Each structure stands twice: as C-alpha cells, then as structure tokens.
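Undergrad: Got a structure for you, questions after.
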Amino acid sequence: MWVEKYRPKSLGECILPAHLKAVFQGFVDSDLVPNMTFGGKPGIGKTTTIKALCNQMDLDNFLVPCSENGNIDTLRTDIRGYASTVSINGNRKVVILDEADGLTKVTQQALRTFIEEFSGNCSFVLTVNFVNQVIPALIDSRCPLIEFKPTKEDKPRMAKEMHKRIETILKTENIPYDNKVIAKLVTKYFPDFRATLMQIQKYSATGRIDDGILACLEDIPIKQVIDALKNKNFADTRKWVSNNIDNEPHRIYRQLFDACYEFLEPRSIPEFVLILAEYLDQSSRSVDQEIVLLAFLTRLMASEDINFK
C-alpha cells in the first residue's frame, strides 16, 4: 500500500500545520517525546507524525491498534511487558495507542495507572479521531491534547505540499497523470491525505491518472437508498449498504445530512438529526461499519417520526 510505502520517515517530510511542526521540532531538539494525545480528523497525519518522530529520534515504539485490540488484557500483558523493560540503546520507549477513542472506559481508567507506573522509561502517545470519547483524566493531565487542525493560512500550503508529494509518488511509480485532476482530488479530500492517496493508488491500476477518476468518485448515490427507505424495502436498503460501504462511512452520513431537507418533511428534521448523531457515535466505536449503517437506515425506515417527501 502506498500509504505505508511512502509514509514519511522524519518530521521534515510530514505535512503539518506550521505551529505543530514548530512544537514537534522542539521535541526533537530536546530529545524528548512527552505523554500527549493527538486529536483530529482521520487521515490528517496523527499516527504518521508520531512514527516519524520515533524514527528520527531513534526511539523504540510499540503501536497498539486500539479499535481492534484495545481491551484491558492488552494493557496487562502486551503493554506491561513492553513498557517495563529498558530499550537496547537506552533511549526512552514510546507506546502509541492508535485510535485510543476505541478503548473501553474501563481500559482508559486503568491506563491512567500504567502511564504513572512506567513514566520513568516510557512515554504514551494517544491518537484519537473523537476527543469526546476519551475520559478527561487522560487528556486533562496525563496526556495533554494537541489538535491537528489546520488554520486558514495553513490549508493552501499543506494542499500544495500534498500535491507535490503525489506527483513524486506517481513519477516514482511511472504512472502518467493530469495535474489538474490531482489538484481536484486533493481539494475534494483535504485534509484526509490517506484517503487521497488510497483513491489515487486504486485508480492507478488503469495505467494513468486522468479525469476518469473524477467520474468514479462522484457523490454517493443517495437517491437510491432514499427510494428504498420510502418504500420500506429492507432488501434494497441492505443491498445498497453492501454496494456502498467501501466509501468512508462518515461521507455517507454527512451526505445524508446535507441532503435531508430534500427528502424529508421539515418536521422530521430534528428527529433525523438526533438519530444521525446517535449512530455517528456508534460508528466511531464500531469494528463493523456495515452493520451500524444498516441499523441507522433501518431505524429511519421504522421510525414513525420520520416522514419522507
């Protein structure tokens, strides 16, 4: 996968807001990675940044994918075993808790003690997409929050850097490309650089990057599922979910939200927003997005308070 093959190996290669780069350069200069939490949208570079820092500073690191393996047993066995030993080169170790908002509240409570117990030789860095899913006891004192949020001034520069990075990758892979198409893709997905690169790699199988990729990435066919919901056709709804789940789930929820005034009676909008928020929360913590999305649409279909136009 290109997202791994071309993952930055140093801080200088990371595409970041200027103020964050200055903060992280301070860590490099002081030769210390403190406990901290990286918060921000998916694909913006949170995990890439901490891995690049560890690589540049020659720090042993242990990455825990919390959405898949974030239970209390992981703390008691894997993390304890890693954090309790000294690194070969004598440098500080780093535990990266990736998507730590997927940890159960019980595990988060236990993590507080772990951070204090192993503070002598190990730093803990959490990456989270949804900060509100992390208990205050972690973010407020033990692992202070650093938000990956580009300013208005940062966005043009970061988009330009991403454009150049993609050009370099395509040249390395010997894939012909249209510069204007790359610019449109970067704009479409910004600041989700991971999604941008994944889409480009996927389409590169055709042998070139041209405006055909834009046709492939048109908006999700929302009208099809709306018709199925109106007709209370569960079979068609399930089929639609299966056909479209490869899209980023948050894009589907967002597009439904943006279009809700077009397909719902005005009095149904408040109830729709409440249901949407409930399932967005479930989606952020679920390992099976297809089931959550289907449950959300089924709820809309069954609710007596939801009336379609």
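Residue numbering restarts at 1 in every chain; chains get A, B, ... in the order shown in the structure tokens, and ligands count up from 1 in that same order.
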Which of region 21-183 of chain A end up as alpha helix (DSSP H) when DSSP is run on this backbone - answer as a PyMOL selection string?

TA: chain A and resi 21-30+46-56+66-69+72-74+80-83+105-117+136-137+154-172+179-183

Undergrad: Each residue of region 73-183 of chain A with at least one atom at most 7 Å from region 12-29 of chain A should appear once, together with its nearest atom pair and the corresponding distance in Å (one decimal); atoms considered: only C-alpha atoms; ordering: chain, then increasing residue number; output as JSON lines.

TA:
{"residue": "A:Pro150", "atom": "CA", "partner": "A:Pro17", "partner_atom": "CA", "distance": 5.3}
{"residue": "A:Asp154", "atom": "CA", "partner": "A:Pro17", "partner_atom": "CA", "distance": 5.5}
{"residue": "A:Met158", "atom": "CA", "partner": "A:Ile15", "partner_atom": "CA", "distance": 6.1}
{"residue": "A:Glu161", "atom": "CA", "partner": "A:Ile15", "partner_atom": "CA", "distance": 6.8}

Undergrad: Create the file for the chosen residues now, containing C-alpha atoms and written as a PDB file, in the first residue's frame.

TA:
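Result file follows (again-v9.pdb):
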ATOM      1  CA  PRO A 150      -5.038  23.448  10.047  1.00  0.00           C
ATOM      2  CA  ASP A 154      -2.086  26.520   6.660  1.00  0.00           C
ATOM      3  CA  MET A 158      -0.493  21.928   3.038  1.00  0.00           C
ATOM      4  CA  GLU A 161       2.729  20.087  -0.383  1.00  0.00           C
TER       5      GLU A 161
END

Undergrad: So how far away is CA of Glu278 (chain A) from CA of Ile146 (chain A), in Å?

TA: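 These two atoms are separated by 26.2 Å.
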
Undergrad: Could you check the closest approach to Arg238 (chain A) for each of A:Leu197, A:Leu185, A:Leu145, A:Leu297 and tell me which residue wins, using only C-alpha atoms?

TA: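 Of the candidates, the smallest distance to Arg238 (chain A) is held by A:Leu297.
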
Undergrad: Which one of A:Arg76, A:Thr113, A:Ser268, A:Cys122 sits closest to Leu59 (chain A) if you count only C-alpha atoms?

TA: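 Closest to Leu59 (chain A), using only C-alpha atoms: A:Cys122.
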
Undergrad: Calculate how many Å separate CA of Asn244 (chain A) from CA of Val134 (chain A), rounding to one decimal.

TA: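 Between CA of Asn244 (chain A) and CA of Val134 (chain A) the gap works out to 29.8 Å.
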
Undergrad: From the set A:Val106, A:Met301, A:Met162, A:Ile115, which residue has the shortest atom-to-atom contact distance to Arg80 (chain A), counting only C-alpha atoms?

TA: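 Ranked by minimum distance to Arg80 (chain A), first place goes to A:Ile115.
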
Undergrad: Within 12 Å of Ile226 (chain A), counting only C-alpha atoms, which residues show up once you throw out same-chain ones fewer than 2 positions away? Write them as a VMD selection string, please.

TA: chain A and resid 220 to 224 228 to 234 236 to 237 240 to 241 255 to 256 259 to 260 262 to 264 297 to 298 300 to 301 307 to 309

Undergrad: CA of Ala183 (chain A) and CA of Lys202 (chain A), how far apart in Å?

TA: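 Here the two named atoms are 16.9 Å from each other.
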
Undergrad: When you count only C-alpha atoms, which of these residues is closest to Ile50 (chain A): A:Leu11, A:Ala302, A:Ile200, A:Leu75?

TA: A:Leu11

Undergrad: Quick one: residues within 10 Å of region 289-291 of chain A, only C-alpha atoms, excluding same-chain residues fewer than 6 positions away - as a PyMOL selection string?

TA: chain A and resi 238+241-242+244-246+248-249+282-283

Undergrad: Hey, what's within 10 Å of Arg208 (chain A) if we count only C-alpha atoms and toss same-chain stuff fewer than 4 positions away? As a list of chain:residue names, please?

TA: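 Counting only C-alpha atoms, the residues come to A:Leu170, A:Asn174, A:Ile175, A:Pro176, A:Tyr177, A:Asp178, A:Ile200, A:Tyr203, A:Ser204, A:Gly212, A:Ile213.
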
Undergrad: For the residues in the current selection, export C-alpha atoms as a PDB file, in the first residue's frame.

TA:
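What ended up in again_33.pdb:
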ATOM      1  CA  LEU A 170       3.353   8.896  -9.387  1.00  0.00           C
ATOM      2  CA  ASN A 174       5.837   5.521 -13.549  1.00  0.00           C
ATOM      3  CA  ILE A 175       2.148   6.472 -13.682  1.00  0.00           C
ATOM      4  CA  PRO A 176       1.211   9.269 -16.149  1.00  0.00           C
ATOM      5  CA  TYR A 177      -1.031  11.911 -14.585  1.00  0.00           C
ATOM      6  CA  ASP A 178      -3.026  15.073 -15.150  1.00  0.00           C
ATOM      7  CA  ILE A 200      -5.116   7.536  -6.465  1.00  0.00           C
ATOM      8  CA  TYR A 203      -7.297   4.227  -9.876  1.00  0.00           C
ATOM      9  CA  SER A 204      -3.639   3.938 -10.938  1.00  0.00           C
ATOM     10  CA  GLY A 212     -11.817   9.307 -15.394  1.00  0.00           C
ATOM     11  CA  ILE A 213     -11.075   9.053 -11.684  1.00  0.00           C
TER      12      ILE A 213
END

Undergrad: Using only C-alpha atoms, which of A:Arg165, A:Val95, A:Pro136, A:Gly90 sits nearest Asp78 (chain A)?

TA: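 The closest residue to Asp78 (chain A) is A:Val95.
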
Undergrad: Kindly indicate which residue among A:Val125, A:Asp73, A:Arg112, A:Gly43 lies nearest to Asn61 (chain A), using only C-alpha atoms for the distances.

TA: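 Among the listed residues, A:Val125 lies closest to Asn61 (chain A).
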